[in-house]
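A.B. asks: Sharing a structure, written as structure tokens. Questions coming.
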Amino acid sequence: MQRTYKTRMKDARQSRGMSTFDTKIAVLLRDDLEPWQRLNVTAFLVSGLGATVPEVVGEPYEDADGVGYLPMFRQPVLVFEGGKETLKAAHERALSRALPRAVFTADLFSTGNDHDNRAAVRAVPTGELDLVGLSVYGPRNAVDKVLKGARMHP
């Protein structure tokens with residue numbers, strides 16, 4: 001049984017040793033995507049966040065042998081799913097709250113490079129975008145409101 005996502009209480013997270021963040025990174029995927037599409041869309045949607053919101057990125061990693069690794073997000077990325085109308089409503093709410101966001105449209109599955117991706121999005125008015133994915137970042141309560149009606153990804 002899937003349920004609508006609601007942020008857990010701060011003390012519940014702390015009692016399990018988890019850090020609590022004032023912000024949230026979330027991805028909302030359309031529920032009719034193939035598994036490979038879900039993974040691909042999620043990766044694309046979060047890729048711009050570190051470049052435009054540097055405080056979401058932690059320090060580089062290093063293993064015991066001194067081999068270095070790239071830094072990653074300092075907080076979890078939560079993945080949700082919903083129908084086409086849920087995605088459209090979430091997009092509208094993200095825009096009205098002016099939250100940092102990224103979109104992935106169905107047209108991007110047929111392009112092969114960044115230039116064509118941007119041209120495909122640019123060619124469609126905001127209200128007519130065929131959204132298959134949306135990422136959003138911001139204060140936890142604002143992101144929760146944007147995701148109203150979405151379910152945690154299974």
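Each chain in the structure tokens gets a letter, A, B, ..., in the order shown, and its residues are numbered from 1; ligands are numbered from 1 in order too.
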Write down as a PyMOL selection string the residues of segment 3-104 of chain A whose backbone DSSP state falls under helix (DSSP H, G or I).

C.D. replies: chain A and resi 10-15+35-47+49-52+54-56+84-96

A.B. asks: Give me the residues near Ala89 of chain A as a PDB file with all heavy atoms, in the first residue's frame, where near means some atom within 12 Å (using only C-alpha atoms) and where sequence neighbours in that chain fewer than 2 positions away do not count.

C.D. replies:
ATOM      1  N   LEU A  28      10.085  14.254  -8.472  1.00  0.00           N
ATOM      2  CA  LEU A  28       8.763  13.698  -8.719  1.00  0.00           C
ATOM      3  C   LEU A  28       8.739  13.137 -10.137  1.00  0.00           C
ATOM      4  O   LEU A  28       9.025  13.858 -11.095  1.00  0.00           O
ATOM      5  CB  LEU A  28       7.687  14.778  -8.561  1.00  0.00           C
ATOM      6  CG  LEU A  28       6.250  14.398  -8.910  1.00  0.00           C
ATOM      7  CD1 LEU A  28       5.771  13.203  -8.095  1.00  0.00           C
ATOM      8  CD2 LEU A  28       5.336  15.597  -8.707  1.00  0.00           C
ATOM      9  N   GLY A  82       3.801  10.172  -9.239  1.00  0.00           N
ATOM     10  CA  GLY A  82       2.418  10.607  -9.334  1.00  0.00           C
ATOM     11  C   GLY A  82       1.988  10.608 -10.781  1.00  0.00           C
ATOM     12  O   GLY A  82       2.808  10.483 -11.695  1.00  0.00           O
ATOM     13  N   GLY A  83       0.708  10.779 -10.985  1.00  0.00           N
ATOM     14  CA  GLY A  83       0.157  10.834 -12.330  1.00  0.00           C
ATOM     15  C   GLY A  83       0.465  12.161 -13.004  1.00  0.00           C
ATOM     16  O   GLY A  83       1.031  13.081 -12.407  1.00  0.00           O
ATOM     17  N   LYS A  84       0.065  12.248 -14.241  1.00  0.00           N
ATOM     18  CA  LYS A  84       0.315  13.437 -15.055  1.00  0.00           C
ATOM     19  C   LYS A  84      -0.243  14.702 -14.397  1.00  0.00           C
ATOM     20  O   LYS A  84       0.414  15.741 -14.379  1.00  0.00           O
ATOM     21  CB  LYS A  84      -0.304  13.224 -16.442  1.00  0.00           C
ATOM     22  CG  LYS A  84       0.119  14.198 -17.475  1.00  0.00           C
ATOM     23  CD  LYS A  84      -0.385  13.781 -18.858  1.00  0.00           C
ATOM     24  CE  LYS A  84       0.343  14.580 -19.909  1.00  0.00           C
ATOM     25  NZ  LYS A  84       0.132  14.032 -21.246  1.00  0.00           N
ATOM     26  N   GLU A  85      -1.444  14.614 -13.833  1.00  0.00           N
ATOM     27  CA  GLU A  85      -2.064  15.785 -13.198  1.00  0.00           C
ATOM     28  C   GLU A  85      -1.336  16.182 -11.906  1.00  0.00           C
ATOM     29  O   GLU A  85      -1.210  17.361 -11.599  1.00  0.00           O
ATOM     30  CB  GLU A  85      -3.556  15.539 -12.935  1.00  0.00           C
ATOM     31  CG  GLU A  85      -4.374  15.475 -14.213  1.00  0.00           C
ATOM     32  CD  GLU A  85      -4.187  16.714 -15.110  1.00  0.00           C
ATOM     33  OE1 GLU A  85      -4.235  17.845 -14.592  1.00  0.00           O
ATOM     34  OE2 GLU A  85      -3.980  16.533 -16.326  1.00  0.00           O
ATOM     35  N   THR A  86      -0.858  15.191 -11.161  1.00  0.00           N
ATOM     36  CA  THR A  86      -0.083  15.480  -9.945  1.00  0.00           C
ATOM     37  C   THR A  86       1.196  16.226 -10.309  1.00  0.00           C
ATOM     38  O   THR A  86       1.580  17.191  -9.647  1.00  0.00           O
ATOM     39  CB  THR A  86       0.255  14.171  -9.193  1.00  0.00           C
ATOM     40  OG1 THR A  86      -0.956  13.526  -8.835  1.00  0.00           O
ATOM     41  CG2 THR A  86       1.080  14.441  -7.944  1.00  0.00           C
ATOM     42  N   LEU A  87       1.841  15.779 -11.370  1.00  0.00           N
ATOM     43  CA  LEU A  87       3.076  16.419 -11.831  1.00  0.00           C
ATOM     44  C   LEU A  87       2.808  17.848 -12.288  1.00  0.00           C
ATOM     45  O   LEU A  87       3.560  18.779 -11.954  1.00  0.00           O
ATOM     46  CB  LEU A  87       3.681  15.587 -12.959  1.00  0.00           C
ATOM     47  CG  LEU A  87       5.163  15.726 -13.212  1.00  0.00           C
ATOM     48  CD1 LEU A  87       5.988  15.418 -11.980  1.00  0.00           C
ATOM     49  CD2 LEU A  87       5.587  14.799 -14.337  1.00  0.00           C
ATOM     50  N   HIS A  91       4.317  21.203 -10.508  1.00  0.00           N
ATOM     51  CA  HIS A  91       5.082  22.177 -11.296  1.00  0.00           C
ATOM     52  C   HIS A  91       4.532  23.585 -11.078  1.00  0.00           C
ATOM     53  O   HIS A  91       5.289  24.535 -10.841  1.00  0.00           O
ATOM     54  CB  HIS A  91       5.028  21.784 -12.778  1.00  0.00           C
ATOM     55  CG  HIS A  91       5.793  22.680 -13.666  1.00  0.00           C
ATOM     56  ND1 HIS A  91       5.195  23.363 -14.699  1.00  0.00           N
ATOM     57  CD2 HIS A  91       7.108  23.024 -13.701  1.00  0.00           C
ATOM     58  CE1 HIS A  91       6.112  24.079 -15.333  1.00  0.00           C
ATOM     59  NE2 HIS A  91       7.269  23.885 -14.741  1.00  0.00           N
ATOM     60  N   GLU A  92       3.226  23.727 -11.128  1.00  0.00           N
ATOM     61  CA  GLU A  92       2.605  25.032 -10.895  1.00  0.00           C
ATOM     62  C   GLU A  92       2.915  25.555  -9.494  1.00  0.00           C
ATOM     63  O   GLU A  92       3.227  26.734  -9.318  1.00  0.00           O
ATOM     64  CB  GLU A  92       1.092  24.938 -11.107  1.00  0.00           C
ATOM     65  CG  GLU A  92       0.709  24.722 -12.560  1.00  0.00           C
ATOM     66  CD  GLU A  92      -0.762  24.372 -12.758  1.00  0.00           C
ATOM     67  OE1 GLU A  92      -1.522  24.287 -11.753  1.00  0.00           O
ATOM     68  OE2 GLU A  92      -1.150  24.168 -13.921  1.00  0.00           O
ATOM     69  N   ARG A  93       2.853  24.675  -8.494  1.00  0.00           N
ATOM     70  CA  ARG A  93       3.146  25.103  -7.117  1.00  0.00           C
ATOM     71  C   ARG A  93       4.620  25.474  -6.958  1.00  0.00           C
ATOM     72  O   ARG A  93       4.956  26.432  -6.254  1.00  0.00           O
ATOM     73  CB  ARG A  93       2.737  24.012  -6.126  1.00  0.00           C
ATOM     74  CG  ARG A  93       1.218  23.868  -6.007  1.00  0.00           C
ATOM     75  CD  ARG A  93       0.805  22.966  -4.850  1.00  0.00           C
ATOM     76  NE  ARG A  93       1.124  21.567  -5.049  1.00  0.00           N
ATOM     77  CZ  ARG A  93       0.288  20.661  -5.515  1.00  0.00           C
ATOM     78  NH1 ARG A  93      -0.950  20.991  -5.856  1.00  0.00           N
ATOM     79  NH2 ARG A  93       0.666  19.398  -5.644  1.00  0.00           N
ATOM     80  N   ALA A  94       5.516  24.733  -7.604  1.00  0.00           N
ATOM     81  CA  ALA A  94       6.944  25.059  -7.538  1.00  0.00           C
ATOM     82  C   ALA A  94       7.207  26.426  -8.171  1.00  0.00           C
ATOM     83  O   ALA A  94       7.987  27.223  -7.644  1.00  0.00           O
ATOM     84  CB  ALA A  94       7.779  23.988  -8.232  1.00  0.00           C
ATOM     85  N   LEU A  95       6.550  26.695  -9.287  1.00  0.00           N
ATOM     86  CA  LEU A  95       6.697  27.994  -9.942  1.00  0.00           C
ATOM     87  C   LEU A  95       6.150  29.115  -9.072  1.00  0.00           C
ATOM     88  O   LEU A  95       6.794  30.161  -8.929  1.00  0.00           O
ATOM     89  CB  LEU A  95       5.983  27.997 -11.299  1.00  0.00           C
ATOM     90  CG  LEU A  95       6.589  27.138 -12.400  1.00  0.00           C
ATOM     91  CD1 LEU A  95       5.658  27.104 -13.615  1.00  0.00           C
ATOM     92  CD2 LEU A  95       7.960  27.644 -12.788  1.00  0.00           C
ATOM     93  N   SER A  96       4.988  28.916  -8.473  1.00  0.00           N
ATOM     94  CA  SER A  96       4.374  29.970  -7.656  1.00  0.00           C
ATOM     95  C   SER A  96       5.196  30.268  -6.406  1.00  0.00           C
ATOM     96  O   SER A  96       5.148  31.381  -5.886  1.00  0.00           O
ATOM     97  CB  SER A  96       2.944  29.596  -7.272  1.00  0.00           C
ATOM     98  OG  SER A  96       2.924  28.566  -6.306  1.00  0.00           O
ATOM     99  N   GLY A 127       2.630  25.998 -19.644  1.00  0.00           N
ATOM    100  CA  GLY A 127       1.431  25.233 -19.320  1.00  0.00           C
ATOM    101  C   GLY A 127       1.209  24.015 -20.192  1.00  0.00           C
ATOM    102  O   GLY A 127       0.354  23.179 -19.883  1.00  0.00           O
ATOM    103  N   LEU A 131       5.350  17.030 -18.967  1.00  0.00           N
ATOM    104  CA  LEU A 131       6.290  16.698 -17.904  1.00  0.00           C
ATOM    105  C   LEU A 131       6.272  15.216 -17.562  1.00  0.00           C
ATOM    106  O   LEU A 131       5.217  14.614 -17.403  1.00  0.00           O
ATOM    107  CB  LEU A 131       5.965  17.497 -16.649  1.00  0.00           C
ATOM    108  CG  LEU A 131       6.073  19.011 -16.776  1.00  0.00           C
ATOM    109  CD1 LEU A 131       5.487  19.683 -15.539  1.00  0.00           C
ATOM    110  CD2 LEU A 131       7.519  19.418 -16.978  1.00  0.00           C
ATOM    111  N   LEU A 134      10.149  16.184 -12.416  1.00  0.00           N
ATOM    112  CA  LEU A 134      10.361  17.509 -11.840  1.00  0.00           C
ATOM    113  C   LEU A 134      11.234  17.330 -10.614  1.00  0.00           C
ATOM    114  O   LEU A 134      10.995  16.420  -9.810  1.00  0.00           O
ATOM    115  CB  LEU A 134       9.012  18.119 -11.435  1.00  0.00           C
ATOM    116  CG  LEU A 134       9.019  19.373 -10.575  1.00  0.00           C
ATOM    117  CD1 LEU A 134       9.437  20.585 -11.412  1.00  0.00           C
ATOM    118  CD2 LEU A 134       7.643  19.605  -9.964  1.00  0.00           C
ATOM    119  N   LYS A 145       4.603  20.997   0.372  1.00  0.00           N
ATOM    120  CA  LYS A 145       3.389  21.559  -0.234  1.00  0.00           C
ATOM    121  C   LYS A 145       3.401  21.385  -1.748  1.00  0.00           C
ATOM    122  O   LYS A 145       2.362  21.112  -2.357  1.00  0.00           O
ATOM    123  CB  LYS A 145       3.236  23.025   0.147  1.00  0.00           C
ATOM    124  CG  LYS A 145       2.864  23.204   1.602  1.00  0.00           C
ATOM    125  CD  LYS A 145       2.797  24.648   1.996  1.00  0.00           C
ATOM    126  CE  LYS A 145       2.485  24.755   3.493  1.00  0.00           C
ATOM    127  NZ  LYS A 145       2.531  26.131   3.965  1.00  0.00           N
ATOM    128  N   VAL A 146       4.556  21.535  -2.363  1.00  0.00           N
ATOM    129  CA  VAL A 146       4.675  21.335  -3.806  1.00  0.00           C
ATOM    130  C   VAL A 146       4.311  19.894  -4.167  1.00  0.00           C
ATOM    131  O   VAL A 146       3.651  19.638  -5.164  1.00  0.00           O
ATOM    132  CB  VAL A 146       6.106  21.680  -4.301  1.00  0.00           C
ATOM    133  CG1 VAL A 146       6.346  21.161  -5.712  1.00  0.00           C
ATOM    134  CG2 VAL A 146       6.343  23.180  -4.243  1.00  0.00           C
ATOM    135  N   LEU A 147       4.709  18.946  -3.326  1.00  0.00           N
ATOM    136  CA  LEU A 147       4.526  17.516  -3.617  1.00  0.00           C
ATOM    137  C   LEU A 147       3.178  16.954  -3.169  1.00  0.00           C
ATOM    138  O   LEU A 147       2.954  15.744  -3.241  1.00  0.00           O
ATOM    139  CB  LEU A 147       5.643  16.718  -2.953  1.00  0.00           C
ATOM    140  CG  LEU A 147       7.049  17.029  -3.450  1.00  0.00           C
ATOM    141  CD1 LEU A 147       8.072  16.317  -2.591  1.00  0.00           C
ATOM    142  CD2 LEU A 147       7.195  16.677  -4.907  1.00  0.00           C
ATOM    143  N   LYS A 148       2.282  17.814  -2.744  1.00  0.00           N
ATOM    144  CA  LYS A 148       0.968  17.363  -2.255  1.00  0.00           C
ATOM    145  C   LYS A 148       0.322  16.435  -3.289  1.00  0.00           C
ATOM    146  O   LYS A 148       0.228  16.754  -4.456  1.00  0.00           O
ATOM    147  CB  LYS A 148       0.074  18.567  -1.998  1.00  0.00           C
ATOM    148  CG  LYS A 148      -1.265  18.210  -1.438  1.00  0.00           C
ATOM    149  CD  LYS A 148      -2.084  19.439  -1.195  1.00  0.00           C
ATOM    150  CE  LYS A 148      -3.458  19.042  -0.647  1.00  0.00           C
ATOM    151  NZ  LYS A 148      -4.309  20.196  -0.457  1.00  0.00           N
ATOM    152  N   GLY A 149      -0.094  15.273  -2.824  1.00  0.00           N
ATOM    153  CA  GLY A 149      -0.731  14.291  -3.692  1.00  0.00           C
ATOM    154  C   GLY A 149       0.232  13.261  -4.266  1.00  0.00           C
ATOM    155  O   GLY A 149      -0.217  12.257  -4.828  1.00  0.00           O
ATOM    156  N   ALA A 150       1.531  13.499  -4.142  1.00  0.00           N
ATOM    157  CA  ALA A 150       2.509  12.541  -4.660  1.00  0.00           C
ATOM    158  C   ALA A 150       2.749  11.427  -3.624  1.00  0.00           C
ATOM    159  O   ALA A 150       2.497  11.607  -2.440  1.00  0.00           O
ATOM    160  CB  ALA A 150       3.835  13.246  -4.965  1.00  0.00           C
TER     161      ALA A 150
END

A.B. asks: Calculate how many Å separate atom CA of Ala123 of chain A from atom CA of Phe109 of chain A, rounding to one decimal.

C.D. replies: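 About the pair atom CA of Ala123 of chain A and atom CA of Phe109 of chain A: they are 15.2 Å apart.
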
A.B. asks: With the cut-off set at 12 Å and counting only C-alpha atoms, tabulate each residue of segment 75-100 of chain A with an atom at most that distance from an atom of segment 50-64 of chain A, showing the nearest atom pair and its distance in Å to one decimal, ordered by chain and increasing number, as a tab-separated table.

C.D. replies:
residue	atom	partner	partner_atom	distance
A:Gln75	CA	A:Val56	CA	7.2
A:Pro76	CA	A:Val56	CA	9.9
A:Val77	CA	A:Val56	CA	10.5
A:Leu99	CA	A:Val53	CA	11.4
A:Pro100	CA	A:Val53	CA	8.5

A.B. asks: Considering only strand (DSSP E) as DSSP defines it on the backbone, what residues of chain A qualify? List them as a ChimeraX atom specification.

C.D. replies: /A:23-30,61-62,68-69,77-82,101-105,131-139,151-152

A.B. asks: Go ahead and save the picked residues with C-alpha atoms, as a PDB file, in the first residue's frame.

C.D. replies:
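Output file selection-v5.pdb is given in full below:
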ATOM      1  CA  THR A  23      15.722  21.882   3.278  1.00  0.00           C
ATOM      2  CA  LYS A  24      14.632  19.071   1.000  1.00  0.00           C
ATOM      3  CA  ILE A  25      15.787  17.769  -2.376  1.00  0.00           C
ATOM      4  CA  ALA A  26      12.918  15.973  -4.097  1.00  0.00           C
ATOM      5  CA  VAL A  27      12.275  14.387  -7.467  1.00  0.00           C
ATOM      6  CA  LEU A  28       8.763  13.698  -8.719  1.00  0.00           C
ATOM      7  CA  LEU A  29       8.437  11.150 -11.529  1.00  0.00           C
ATOM      8  CA  ARG A  30       5.408  10.375 -13.648  1.00  0.00           C
ATOM      9  CA  TYR A  61      35.330  11.731  -0.192  1.00  0.00           C
ATOM     10  CA  GLU A  62      38.524   9.771   0.374  1.00  0.00           C
ATOM     11  CA  GLY A  68      39.783  10.670  -3.736  1.00  0.00           C
ATOM     12  CA  TYR A  69      36.171  10.706  -4.894  1.00  0.00           C
ATOM     13  CA  VAL A  77      17.325  12.945  -2.464  1.00  0.00           C
ATOM     14  CA  LEU A  78      13.735  11.822  -1.946  1.00  0.00           C
ATOM     15  CA  VAL A  79      11.999  10.327  -4.967  1.00  0.00           C
ATOM     16  CA  PHE A  80       8.225  10.451  -5.439  1.00  0.00           C
ATOM     17  CA  GLU A  81       5.790   9.437  -8.138  1.00  0.00           C
ATOM     18  CA  GLY A  82       2.418  10.607  -9.334  1.00  0.00           C
ATOM     19  CA  ARG A 101      13.553  23.400 -10.005  1.00  0.00           C
ATOM     20  CA  ALA A 102      14.372  21.341 -13.070  1.00  0.00           C
ATOM     21  CA  VAL A 103      12.020  19.733 -15.570  1.00  0.00           C
ATOM     22  CA  PHE A 104      12.258  16.711 -17.811  1.00  0.00           C
ATOM     23  CA  THR A 105       9.722  16.482 -20.622  1.00  0.00           C
ATOM     24  CA  LEU A 131       6.290  16.698 -17.904  1.00  0.00           C
ATOM     25  CA  VAL A 132       7.618  13.280 -16.943  1.00  0.00           C
ATOM     26  CA  GLY A 133       9.824  14.538 -14.125  1.00  0.00           C
ATOM     27  CA  LEU A 134      10.361  17.509 -11.840  1.00  0.00           C
ATOM     28  CA  SER A 135      12.994  18.180  -9.207  1.00  0.00           C
ATOM     29  CA  VAL A 136      12.639  20.836  -6.579  1.00  0.00           C
ATOM     30  CA  TYR A 137      14.770  22.160  -3.747  1.00  0.00           C
ATOM     31  CA  GLY A 138      13.853  24.437  -0.885  1.00  0.00           C
ATOM     32  CA  PRO A 139      12.576  24.650   2.669  1.00  0.00           C
ATOM     33  CA  ARG A 151       3.532   9.147  -3.260  1.00  0.00           C
ATOM     34  CA  MET A 152       6.962   7.923  -2.218  1.00  0.00           C
TER      35      MET A 152
END

A.B. asks: Rank nothing, just name the residue among A:Ser47, A:Val143, A:Ala120, A:Thr111 nearest to Ala90 of chain A, using only C-alpha atoms.

C.D. replies: A:Val143

A.B. asks: What does the distance from atom CA of Val41 of chain A to atom CA of Gly112 of chain A come to in Å, to one decimal?

C.D. replies: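 The value is 13.8 Å.
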